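Below is my_file.txt, holding compact mmCIF, C-alpha atoms and all ligand atoms.
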# COMPACT_ATOMS: atom_id res chain seq x y z
CA MET A 1 17.92 8.63 4.09
CA VAL A 2 17.18 5.09 2.87
CA CYS A 3 17.39 2.37 5.56
CA PRO A 4 19.28 -0.71 4.33
CA GLU A 5 16.30 -2.97 5.05
CA GLN A 6 13.94 -0.82 2.96
CA LYS A 7 13.26 -1.67 -0.67
CA VAL A 8 13.90 1.18 -3.09
CA VAL A 9 10.92 1.65 -5.41
CA LEU A 10 11.24 3.97 -8.39
CA ILE A 11 7.97 5.04 -10.04
CA THR A 12 7.58 7.03 -13.26
CA GLY A 13 4.78 9.56 -13.89
CA CYS A 14 3.87 10.49 -10.30
CA SER A 15 2.42 13.96 -10.89
CA SER A 16 -1.13 12.55 -11.07
CA GLY A 17 -3.37 9.49 -11.30
CA ILE A 18 -2.22 5.93 -10.68
CA GLY A 19 1.48 6.85 -10.24
CA LEU A 20 0.69 9.41 -7.55
CA LYS A 21 -1.53 6.96 -5.63
CA MET A 22 1.04 4.16 -5.86
CA ALA A 23 3.80 6.45 -4.61
CA VAL A 24 1.73 7.60 -1.62
CA MET A 25 0.43 4.12 -0.76
CA LEU A 26 3.89 2.52 -0.79
CA ALA A 27 5.51 5.43 1.06
CA LYS A 28 2.82 5.17 3.77
CA ASP A 29 3.24 1.41 4.18
CA LYS A 30 2.58 0.67 7.87
CA LYS A 31 5.72 -1.45 8.20
CA LYS A 32 7.82 1.20 6.36
CA ARG A 33 9.15 -1.46 3.98
CA TYR A 34 9.69 0.89 1.06
CA HIS A 35 11.60 3.99 0.14
CA VAL A 36 9.79 5.51 -2.83
CA ILE A 37 11.52 7.65 -5.43
CA ALA A 38 8.55 9.34 -7.02
CA THR A 39 9.56 10.80 -10.37
CA MET A 40 7.90 13.26 -12.74
CA ARG A 41 9.08 15.20 -15.75
CA ASP A 42 8.41 18.62 -14.21
CA LEU A 43 8.79 19.17 -10.46
CA LYS A 44 6.47 22.20 -10.72
CA GLN A 45 3.71 19.55 -10.76
CA LYS A 46 4.71 18.12 -7.37
CA ASP A 47 2.18 19.87 -5.07
CA LYS A 48 -0.62 17.29 -5.26
CA LEU A 49 1.80 14.46 -4.52
CA VAL A 50 3.56 16.31 -1.70
CA GLU A 51 0.22 17.15 -0.09
CA ALA A 52 -1.05 13.57 -0.36
CA ALA A 53 2.23 12.17 0.98
CA GLY A 54 2.10 14.36 4.11
CA ASP A 55 4.68 13.27 6.70
CA ALA A 56 6.08 10.59 4.43
CA HIS A 57 7.62 13.27 2.18
CA GLY A 58 11.32 13.53 2.96
CA LYS A 59 11.22 10.29 4.96
CA THR A 60 9.96 7.32 2.96
CA LEU A 61 9.28 9.38 -0.17
CA SER A 62 11.68 11.47 -2.18
CA LEU A 63 11.16 13.27 -5.48
CA ALA A 64 13.23 13.26 -8.65
CA VAL A 65 12.94 14.61 -12.19
CA LEU A 66 12.53 12.01 -14.92
CA ASP A 67 11.23 12.28 -18.47
CA VAL A 68 10.90 8.78 -19.90
CA CYS A 69 11.33 10.20 -23.42
CA SER A 70 14.86 11.47 -22.74
CA ASP A 71 17.95 9.21 -22.53
CA GLU A 72 19.79 11.91 -20.63
CA SER A 73 17.02 12.47 -18.07
CA VAL A 74 16.68 8.72 -17.38
CA LYS A 75 20.45 8.29 -17.00
CA GLN A 76 20.78 11.33 -14.73
CA CYS A 77 17.99 10.12 -12.49
CA ILE A 78 19.34 6.58 -12.10
CA ASP A 79 22.94 7.83 -11.63
CA GLY A 80 21.57 10.17 -8.94
CA ILE A 81 20.48 7.24 -6.75
CA LYS A 82 23.87 6.93 -5.14
CA ASP A 83 24.95 3.92 -3.08
CA ARG A 84 21.65 2.12 -3.54
CA HIS A 85 20.08 0.16 -6.36
CA VAL A 86 16.46 0.11 -7.50
CA ASP A 87 14.74 -2.98 -6.07
CA ILE A 88 11.36 -2.33 -7.68
CA LEU A 89 10.87 -0.33 -10.87
CA ILE A 90 7.30 0.73 -11.62
CA ASN A 91 6.84 1.88 -15.22
CA ASN A 92 3.65 3.87 -14.97
CA ALA A 93 4.09 7.00 -17.14
CA GLY A 94 1.91 6.85 -20.22
CA ILE A 95 -0.32 8.87 -22.52
CA GLY A 96 -3.54 8.09 -24.39
CA LEU A 97 -4.65 8.80 -27.95
CA VAL A 98 -8.20 8.42 -29.26
CA GLY A 99 -9.68 9.18 -32.66
CA PRO A 100 -10.02 7.97 -36.25
CA VAL A 101 -6.59 6.96 -37.62
CA GLU A 102 -7.09 9.11 -40.76
CA SER A 103 -7.17 12.28 -38.65
CA ILE A 104 -4.07 11.64 -36.53
CA PRO A 105 -0.67 12.93 -37.72
CA ILE A 106 2.11 10.33 -37.67
CA GLU A 107 4.12 12.61 -35.35
CA GLU A 108 1.39 12.35 -32.71
CA MET A 109 1.36 8.57 -33.04
CA LYS A 110 5.15 8.49 -32.61
CA ARG A 111 4.82 10.49 -29.38
CA VAL A 112 2.56 7.75 -27.98
CA PHE A 113 5.08 5.03 -28.85
CA GLU A 114 7.97 7.18 -27.62
CA THR A 115 6.29 7.45 -24.19
CA ASN A 116 4.38 4.18 -23.73
CA PHE A 117 6.81 1.82 -25.48
CA PHE A 118 10.32 3.27 -25.82
CA GLY A 119 9.91 5.12 -22.50
CA VAL A 120 9.50 1.81 -20.69
CA ILE A 121 12.37 0.18 -22.60
CA ARG A 122 14.63 3.14 -21.79
CA MET A 123 13.91 2.64 -18.07
CA ILE A 124 14.33 -1.14 -18.18
CA LYS A 125 17.65 -0.88 -20.07
CA GLU A 126 19.00 1.43 -17.38
CA VAL A 127 17.88 -0.58 -14.35
CA MET A 128 17.85 -4.22 -15.51
CA PRO A 129 21.64 -4.93 -15.77
CA GLU A 130 22.12 -4.23 -12.06
CA MET A 131 19.11 -6.40 -11.19
CA LYS A 132 20.57 -9.24 -13.27
CA ARG A 133 23.95 -8.87 -11.54
CA ARG A 134 22.23 -8.97 -8.15
CA ARG A 135 20.01 -11.88 -9.18
CA GLY A 136 16.95 -10.06 -7.84
CA GLY A 137 14.47 -7.28 -8.44
CA HIS A 138 10.94 -6.67 -9.65
CA ILE A 139 9.96 -4.73 -12.77
CA ILE A 140 6.32 -3.67 -12.97
CA VAL A 141 4.78 -2.34 -16.18
CA VAL A 142 1.43 -0.56 -16.12
CA SER A 143 -0.03 -1.78 -19.40
CA SER A 144 -3.79 -1.87 -20.04
CA VAL A 145 -6.68 -4.12 -21.04
CA MET A 146 -6.17 -2.40 -24.39
CA GLY A 147 -2.80 -4.17 -24.52
CA LEU A 148 -4.73 -7.45 -24.58
CA GLN A 149 -7.77 -6.59 -26.68
CA GLY A 150 -8.05 -3.76 -29.19
CA VAL A 151 -10.94 -1.30 -28.94
CA ALA A 152 -12.21 0.76 -31.89
CA PHE A 153 -10.73 4.27 -32.21
CA ASN A 154 -7.90 3.48 -29.80
CA ASP A 155 -5.78 1.85 -32.52
CA VAL A 156 -2.45 3.54 -31.80
CA TYR A 157 -2.72 3.58 -28.00
CA SER A 158 -3.72 -0.07 -28.05
CA ALA A 159 -0.82 -0.88 -30.41
CA SER A 160 1.65 0.81 -28.05
CA LYS A 161 0.43 -1.37 -25.17
CA PHE A 162 0.34 -4.53 -27.34
CA ALA A 163 3.96 -3.77 -28.26
CA MET A 164 4.78 -3.56 -24.56
CA GLU A 165 3.04 -6.88 -23.90
CA GLY A 166 5.13 -8.60 -26.59
CA PHE A 167 8.35 -7.02 -25.38
CA CYS A 168 7.72 -7.93 -21.75
CA GLU A 169 6.52 -11.46 -22.48
CA SER A 170 9.81 -12.14 -24.25
CA LEU A 171 11.91 -10.46 -21.59
CA ALA A 172 10.14 -12.17 -18.66
CA ILE A 173 11.34 -15.54 -19.95
CA GLN A 174 14.96 -14.35 -20.00
CA LEU A 175 14.70 -12.64 -16.62
CA PHE A 176 13.33 -15.77 -14.96
CA LYS A 177 16.85 -17.22 -15.21
CA PHE A 178 18.20 -14.28 -13.20
CA ASN A 179 15.50 -14.37 -10.50
CA VAL A 180 14.23 -11.00 -11.73
CA THR A 181 10.42 -10.77 -11.80
CA LEU A 182 8.45 -8.91 -14.44
CA SER A 183 4.74 -8.20 -13.88
CA MET A 184 2.17 -6.45 -16.02
CA ILE A 185 -0.70 -4.50 -14.43
CA GLU A 186 -3.70 -4.50 -16.77
CA PRO A 187 -6.25 -1.90 -15.66
CA GLY A 188 -9.52 -1.25 -17.46
CA PRO A 189 -10.86 2.32 -17.40
CA VAL A 190 -9.60 4.33 -14.40
CA HIS A 191 -10.80 7.77 -13.32
CA THR A 192 -7.66 9.91 -13.67
CA GLU A 193 -6.34 12.82 -15.72
CA PHE A 194 -6.15 10.29 -18.56
CA GLU A 195 -9.97 10.37 -18.82
CA VAL A 196 -10.10 14.16 -18.32
CA LYS A 197 -7.50 14.73 -21.06
CA MET A 198 -9.41 12.41 -23.42
CA ILE A 199 -12.68 14.33 -22.95
CA GLN A 200 -10.91 17.73 -23.24
CA ASP A 201 -9.10 16.62 -26.39
CA MET A 202 -12.35 15.49 -28.00
CA GLY A 203 -13.91 18.92 -27.45
CA GLN A 204 -11.02 20.66 -29.25
CA LYS A 205 -10.17 18.38 -32.15
CA GLU A 206 -11.75 18.44 -35.61
CA PHE A 207 -10.64 15.10 -37.09
CA PRO A 208 -9.71 16.32 -40.58
CA GLY A 209 -9.69 13.78 -43.42
CA THR A 210 -12.28 11.51 -41.78
CA ASP A 211 -15.28 10.38 -43.87
CA PRO A 212 -18.75 11.22 -42.49
CA ASP A 213 -19.65 7.58 -41.72
CA THR A 214 -16.53 7.06 -39.59
CA LEU A 215 -16.98 10.44 -37.91
CA HIS A 216 -20.55 9.49 -37.01
CA SER A 217 -19.41 6.14 -35.55
CA PHE A 218 -16.74 7.90 -33.54
CA LYS A 219 -18.69 10.89 -32.24
CA ASP A 220 -22.18 9.45 -31.88
CA LEU A 221 -21.46 5.82 -30.99
CA TYR A 222 -17.94 5.39 -29.61
CA LEU A 223 -17.61 8.55 -27.49
CA PRO A 224 -20.94 8.28 -25.61
CA THR A 225 -20.35 4.54 -25.11
CA ALA A 226 -16.83 5.18 -23.81
CA VAL A 227 -18.20 7.73 -21.33
CA ASN A 228 -20.76 5.13 -20.19
CA ILE A 229 -18.06 2.50 -19.87
CA PHE A 230 -15.98 4.81 -17.69
CA GLU A 231 -19.07 5.51 -15.55
CA GLY A 232 -20.13 1.89 -15.27
CA TYR A 233 -16.78 0.07 -15.24
CA GLY A 234 -14.36 2.76 -14.05
CA GLN A 235 -12.04 2.05 -11.12
CA SER A 236 -10.38 4.53 -8.83
CA PRO A 237 -6.60 4.98 -9.06
CA GLU A 238 -6.42 3.86 -5.39
CA GLU A 239 -7.86 0.47 -6.38
CA VAL A 240 -5.20 0.02 -9.06
CA ALA A 241 -2.51 1.10 -6.58
CA ARG A 242 -3.81 -1.45 -4.05
CA CYS A 243 -3.73 -4.22 -6.68
CA THR A 244 -0.17 -3.27 -7.59
CA LYS A 245 0.94 -3.33 -3.94
CA LYS A 246 -0.54 -6.83 -3.69
CA VAL A 247 1.43 -7.93 -6.74
CA ILE A 248 4.65 -6.48 -5.28
CA GLU A 249 4.03 -8.26 -1.97
CA SER A 250 3.00 -11.59 -3.46
CA SER A 251 5.42 -14.49 -2.92
CA ARG A 252 4.78 -15.69 -6.51
CA PRO A 253 3.63 -12.71 -8.58
CA ARG A 254 1.72 -13.56 -11.76
CA PHE A 255 2.90 -12.16 -15.07
CA ARG A 256 -0.46 -10.58 -16.07
CA ASN A 257 -2.62 -8.92 -13.46
CA LEU A 258 -6.05 -7.66 -14.48
CA THR A 259 -7.44 -5.24 -11.92
CA ASN A 260 -11.08 -5.06 -13.03
CA SER A 261 -13.20 -8.22 -13.07
CA LEU A 262 -15.97 -6.42 -14.99
CA TYR A 263 -13.64 -6.27 -17.98
CA SER A 264 -12.43 -9.88 -17.83
CA PRO A 265 -15.25 -11.33 -20.02
CA ILE A 266 -14.01 -9.09 -22.85
CA VAL A 267 -10.45 -10.36 -22.46
CA ALA A 268 -11.71 -13.96 -22.04
CA LEU A 269 -13.37 -13.82 -25.49
CA LYS A 270 -9.97 -13.49 -27.08
CA TYR A 271 -8.58 -16.57 -25.37
CA ALA A 272 -11.81 -18.50 -26.04
CA ASP A 273 -11.34 -18.10 -29.81
CA GLU A 274 -7.79 -17.52 -30.98
CA THR A 275 -8.97 -16.81 -34.56
CA GLY A 276 -10.22 -13.37 -33.40
CA THR A 277 -13.67 -13.77 -34.96
CA LEU A 278 -15.50 -14.02 -31.63
CA SER A 279 -13.93 -10.94 -30.05
CA ILE A 280 -14.11 -8.72 -33.15
CA ARG A 281 -17.78 -9.57 -33.83
CA THR A 282 -18.83 -9.32 -30.19
CA ILE A 283 -17.17 -5.94 -29.69
CA TYR A 284 -18.65 -4.78 -33.00
CA HIS A 285 -22.16 -5.68 -31.82
CA MET A 286 -21.57 -4.19 -28.39
CA LEU A 287 -20.50 -0.90 -29.96
CA TYR A 288 -22.85 -0.61 -32.93
CA ASN A 289 -25.98 -2.33 -31.59
CA LEU A 290 -25.81 -2.30 -27.81
CA GLY A 291 -23.93 0.97 -27.24
CA PRO A 292 -26.56 2.87 -25.23
CA LEU A 293 -27.43 -0.24 -23.20
CA LEU A 294 -23.88 -0.92 -22.07
CA HIS A 295 -24.41 1.18 -18.98
CA VAL A 296 -27.13 -1.21 -17.83
CA CYS A 297 -24.97 -4.15 -18.95
CA ALA A 298 -22.18 -3.03 -16.63
CA THR A 299 -24.46 -3.45 -13.64
CA ALA A 300 -25.66 -6.82 -14.93
CA MET A 301 -22.03 -7.90 -15.49
CA LYS A 302 -21.27 -7.27 -11.83
CA TYR A 303 -23.65 -10.14 -11.03
CA LEU A 304 -22.92 -12.27 -14.07
CA THR A 305 -19.12 -12.32 -13.92
CA CYS A 306 -18.49 -15.80 -12.65
CA GLY A 307 -16.10 -16.73 -9.89
CA CYS A 308 -13.63 -18.31 -12.29
CA LEU A 309 -13.14 -14.99 -14.10
CA ARG A 310 -13.01 -13.05 -10.85
CA ARG A 311 -10.31 -15.33 -9.48
CA ARG A 312 -8.12 -14.46 -12.44
CA THR A 313 -8.07 -10.78 -11.48
CA VAL A 314 -6.24 -9.15 -8.57
CA SER A 315 -8.77 -7.96 -6.05
CA PRO A 316 -8.02 -4.52 -4.64
CA ASN A 317 -9.41 -5.61 -1.23
N1 LIG B 401 -6.75 5.93 -16.82
C1 LIG B 401 -7.03 4.82 -17.47
O1 LIG B 401 -8.19 4.58 -17.86
C2 LIG B 401 -5.97 3.81 -17.71
C3 LIG B 401 -4.62 4.10 -17.66
N2 LIG B 401 -3.68 3.14 -17.92
C4 LIG B 401 -2.25 3.44 -17.87
O2 LIG B 401 -1.93 3.88 -16.58
C5 LIG B 401 -0.76 4.69 -16.62
C6 LIG B 401 -0.98 5.94 -15.78
O3 LIG B 401 -2.03 6.69 -16.35
P1 LIG B 401 -3.10 7.52 -15.49
O4 LIG B 401 -2.66 7.64 -14.10
O5 LIG B 401 -4.41 6.96 -15.77
O6 LIG B 401 -3.04 8.93 -16.25
P2 LIG B 401 -2.50 10.37 -15.84
O7 LIG B 401 -2.60 11.18 -17.07
O8 LIG B 401 -3.19 10.83 -14.61
O9 LIG B 401 -0.97 10.10 -15.47
C7 LIG B 401 0.01 9.86 -16.41
C8 LIG B 401 1.34 10.27 -15.83
O10 LIG B 401 2.34 10.00 -16.82
C9 LIG B 401 3.18 11.14 -16.87
N3 LIG B 401 3.91 11.27 -18.12
C10 LIG B 401 3.45 11.47 -19.39
N4 LIG B 401 4.47 11.58 -20.24
C11 LIG B 401 5.61 11.43 -19.50
C12 LIG B 401 6.99 11.42 -19.80
N5 LIG B 401 7.44 11.62 -21.05
N6 LIG B 401 7.88 11.23 -18.80
C13 LIG B 401 7.46 11.04 -17.54
N7 LIG B 401 6.17 11.06 -17.18
C14 LIG B 401 5.26 11.24 -18.16
C15 LIG B 401 2.24 12.32 -16.65
O11 LIG B 401 3.01 13.44 -16.27
P3 LIG B 401 2.76 14.97 -16.73
O12 LIG B 401 1.96 15.56 -15.61
O13 LIG B 401 4.13 15.52 -16.83
O14 LIG B 401 2.03 14.91 -18.04
C16 LIG B 401 1.40 11.76 -15.51
O15 LIG B 401 2.05 11.91 -14.28
C17 LIG B 401 -0.49 4.95 -18.10
O16 LIG B 401 0.55 4.10 -18.53
C18 LIG B 401 -1.80 4.56 -18.79
O17 LIG B 401 -1.60 4.12 -20.09
C19 LIG B 401 -4.04 1.85 -18.19
C20 LIG B 401 -5.35 1.49 -18.23
C21 LIG B 401 -6.41 2.45 -18.03
C1 LIG B 402 -16.66 1.25 -26.72
C2 LIG B 402 -16.74 -0.19 -26.29
C3 LIG B 402 -15.99 -0.67 -25.25
C4 LIG B 402 -15.10 0.32 -24.63
C5 LIG B 402 -14.09 0.16 -23.84
C6 LIG B 402 -13.30 1.23 -23.29
C7 LIG B 402 -13.69 2.64 -23.51
C8 LIG B 402 -12.22 0.88 -22.56
C9 LIG B 402 -11.29 1.79 -22.02
C10 LIG B 402 -10.14 1.35 -21.54
C11 LIG B 402 -9.07 2.22 -21.14
C12 LIG B 402 -9.29 3.66 -20.97
C13 LIG B 402 -7.84 1.69 -21.01
C14 LIG B 402 -6.68 2.46 -20.76
O1 LIG B 402 -5.59 1.97 -20.88
C15 LIG B 402 -16.07 -2.12 -24.83
C16 LIG B 402 -16.21 -2.26 -23.32
C17 LIG B 402 -14.84 -2.89 -25.30
C18 LIG B 402 -17.30 -2.81 -25.39
C19 LIG B 402 -17.55 -2.48 -26.78
C20 LIG B 402 -17.68 -1.03 -27.02

Take the structure I supplied and represent it as structure tokens, if you would.
Amino acid sequence: MVCPEQKVVLITGCSSGIGLKMAVMLAKDKKKRYHVIATMRDLKQKDKLVEAAGDAHGKTLSLAVLDVCSDESVKQCIDGIKDRHVDILINNAGIGLVGPVESIPIEEMKRVFETNFFGVIRMIKEVMPEMKRRRGGHIIVVSSVMGLQGVAFNDVYSASKFAMEGFCESLAIQLFKFNVTLSMIEPGPVHTEFEVKMIQDMGQKEFPGTDPDTLHSFKDLYLPTAVNIFEGYGQSPEEVARCTKKVIESSRPRFRNLTNSLYSPIVALKYADETGTLSIRTIYHMLYNLGPLLHVCATAMKYLTCGCLRRRTVSPN
């Protein structure tokens, strides 16, 4: 049962990670301001969420099936929310893809775009018209720092998030007229299944068609550095969920919301030099020359990141 004064929040990809934590955090809101519809593509994966939700399950949290890659599934889910409209849509479902471009079949790349880009558009197309009619609503998109700055060997994943950034930046301008808010959440590395899947994948794949030089850069430089970055910079999914709740509850939500101040110097490079030279060369040196030291750098960055950069991120506290 949804109380009329509660906001209906629909979240995609709640079987694990950030989506699961957001669903639980909003459903357990002390003032019971939200009714969360936590969706996942296969309800057989619901146990972790149901356990974490505890008493909230069946009260402020309900479950529904939703595969963002299927028109039919999205339509069925939204049509199934009878009598009520979605006040807050959180587009969280997403998949990663790492590796040298030469070794990745086009079909696999399309799957990433189908989920991370078209999946979000499918959801927005279904929910937005009602929000425009009502002159209200909030659409949240979980993008990534990789949607703002490319990182070697994440070409396709990064492109899918860049595409999302472009789409949303254009749409936000139009939605402003209808009092509908659009906000991007831009996490850096987060310890979730996303990281686990990446490491598992790397153990299994062979990267056919990749020249030895590139394979060396990927396996011996990028992968160990990425593991270090996750260790040194990684956030918990709870932190990202807390940042997102803050954005939802803000009286004037910002469009872009970085969640990790340790990563903001990397994003700042891009805006400091719009030609791209500064960011491409700096990241090149960080990867090829500083790689093994980045772990130490992460600790140093904690102290070096100046207040002005920290103020531009959403603090999880
Ligand atoms: N972890 C990280 O370092 C970062 C993650 N992000 C973004 O955060 C979001 C959440 O990822 P995270 O929690 O980390 O990773 P997880 O892998 O833990 O969670 C991803 C969720 O998306 C779901 N999903 C995948 N494909 C579909 C689909 N077709 N339809 C519906 N749900 C689907 C998965 O469900 P299933 O169990 O069915 O596979 C899972 O519940 C993603 O958009 C990701 O790009 C952004 C920055 C950093
Ligand atoms: C290798 C490398 C880097 C790696 C960044 C990584 C690994 C970021 C991961 C982000 C994720 C997982 C986002 C998900 O959406 C830096 C810091 C740019 C510095 C240069 C070298």

- request: Go through A:Pro100, A:Gly13, A:Gly232, A:Gly137 and flag the residue nearest Ala64 in chain A, using only C-alpha atoms for the distances.
  value: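 Smallest separation from Ala64 in chain A among the options: A:Gly13.
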
task: Could you give me the residues within 6 Å of ligand LIG 401 (chain B), counting only C-alpha atoms and all ligand atoms, as a ChimeraX atom specification?
output: /A:12-19,40-42,66-69,92-95,115,142-144,187-195

task: Quick one: pull the distance between CA of Pro224 in chain A and CA of Phe117 in chain A, Å, one decimal.
output: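 Computing it gives 28.5 Å between the two atoms.
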
task: Residues up to 7 Å from ligand LIG 402 (chain B), counting all atoms listed in the file: could you list those as an MDAnalysis selection string?
output: chainID A and resid 143:146 151:152 187:190 222 225:226 229:230 266 283:284 286:287 291

For Ala23 in chain A: contacts at 10 Å, only C-alpha atoms, fewer than 6 positions along chain excluded, given as number ranges by chain: A: 9-15, 34-39, 49, 52-53, 60-62, 90, 241

Between CA of Met123 in chain A and CA of Tyr263 in chain A, distance in Å (one decimal): 29.0 Å

query: Which of these, A:His85, A:Lys110, A:Arg256, A:Lys21, has the shortest distance to Ile140 in chain A once you count all atoms listed in the file?
result: A:Arg256

message: Restricting the calculation to all atoms listed in the file: of A:Thr210, A:Gln204, A:Glu186, A:Val8, which residue gets closest to Arg312 in chain A?
response: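 That would be A:Glu186, the residue with the smallest distance to Arg312 in chain A.
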
statement: Of A:Gln149, A:Val314, A:Thr244, A:Phe176, the one sitting nearest Glu274 in chain A when using only C-alpha atoms is A:Gln149

- prompt: Any idea what's packed within 9 Å of Cys168 in chain A, counting only C-alpha atoms, ignoring anything in its chain fewer than 4 positions away? Could you give it as a ChimeraX atom specification?
  reply: /A:141,163-164,172-173,182-184

Box in all listed atoms of range 80-86 of chain A, axis-aligned, with 5 Å more on each side; write out centre and edge lengths in Å to one decimal as lines of an AutoDock Vina configuration file.
center_x = 20.7
center_y = 5.1
center_z = -6.0
size_x = 18.5
size_y = 20.1
size_z = 15.9

task: Take CA of Lys75 in chain A and CA of Lys245 in chain A and report the distance between them in Å, one decimal.
output: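 Distance reported for this atom pair: 26.2 Å.
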
message: Could you check the closest approach to Asp201 in chain A for each of A:Ala272, A:Leu97, A:Ile139, A:Phe218 and tell me which residue wins, using all atoms listed in the file?
response: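 Checking each of A:Ala272, A:Leu97, A:Ile139, A:Phe218 against Asp201 in chain A, counting all atoms listed in the file, the winner is A:Leu97.
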
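For the residues A:Gly166, A:Gly136, A:Gly99, A:Pro265, ranking by smallest atom-to-atom distance to Leu215 in chain A using all atoms listed in the file places A:Gly99 first.
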
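Within the 12 Å cut-off around Lys125 in chain A, using all atoms listed in the file and omitting residues fewer than 5 positions from it on the same chain, the listed residues are Val68, Asp71, Val74, Lys75, Ile78, Leu89, Phe118, Gly119, Val120, Glu130, Met131, Lys132, Ile139 and Leu171 of chain A.
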
Can you build me a table of range 245-265 of chain A residues sitting at most 10 Å from range 235-240 of chain A, with the closest atom pair per residue and its distance in Å to one decimal, using all atoms listed in the file, sorted by chain and residue number, as a tab-separated table?
residue	atom	partner	partner_atom	distance
A:Lys245	CA	A:Val240	CA	8.7
A:Lys246	CA	A:Val240	CA	9.9
A:Leu258	CA	A:Val240	CA	9.4
A:Thr259	CA	A:Val240	CA	6.4
A:Asn260	CA	A:Gln235	CA	7.4

Include C-alpha atoms and write out the residues we just selected as a short mmCIF file (atom, residue, chain, number, x, y, z; two decimals), keeping the file's coordinate frame.
data_model
loop_
_atom_site.label_atom_id
_atom_site.label_comp_id
_atom_site.auth_asym_id
_atom_site.auth_seq_id
_atom_site.Cartn_x
_atom_site.Cartn_y
_atom_site.Cartn_z
CA LYS A 245 0.94 -3.33 -3.94
CA LYS A 246 -0.54 -6.83 -3.69
CA LEU A 258 -6.05 -7.66 -14.48
CA THR A 259 -7.44 -5.24 -11.92
CA ASN A 260 -11.08 -5.06 -13.03
#

- prompt: So which residues touch His138 in chain A within 6 Å, counting all atoms listed in the file, skipping near sequence neighbours fewer than 5 positions away, as a PyMOL selection string?
  reply: chain A and resi 88+180-182
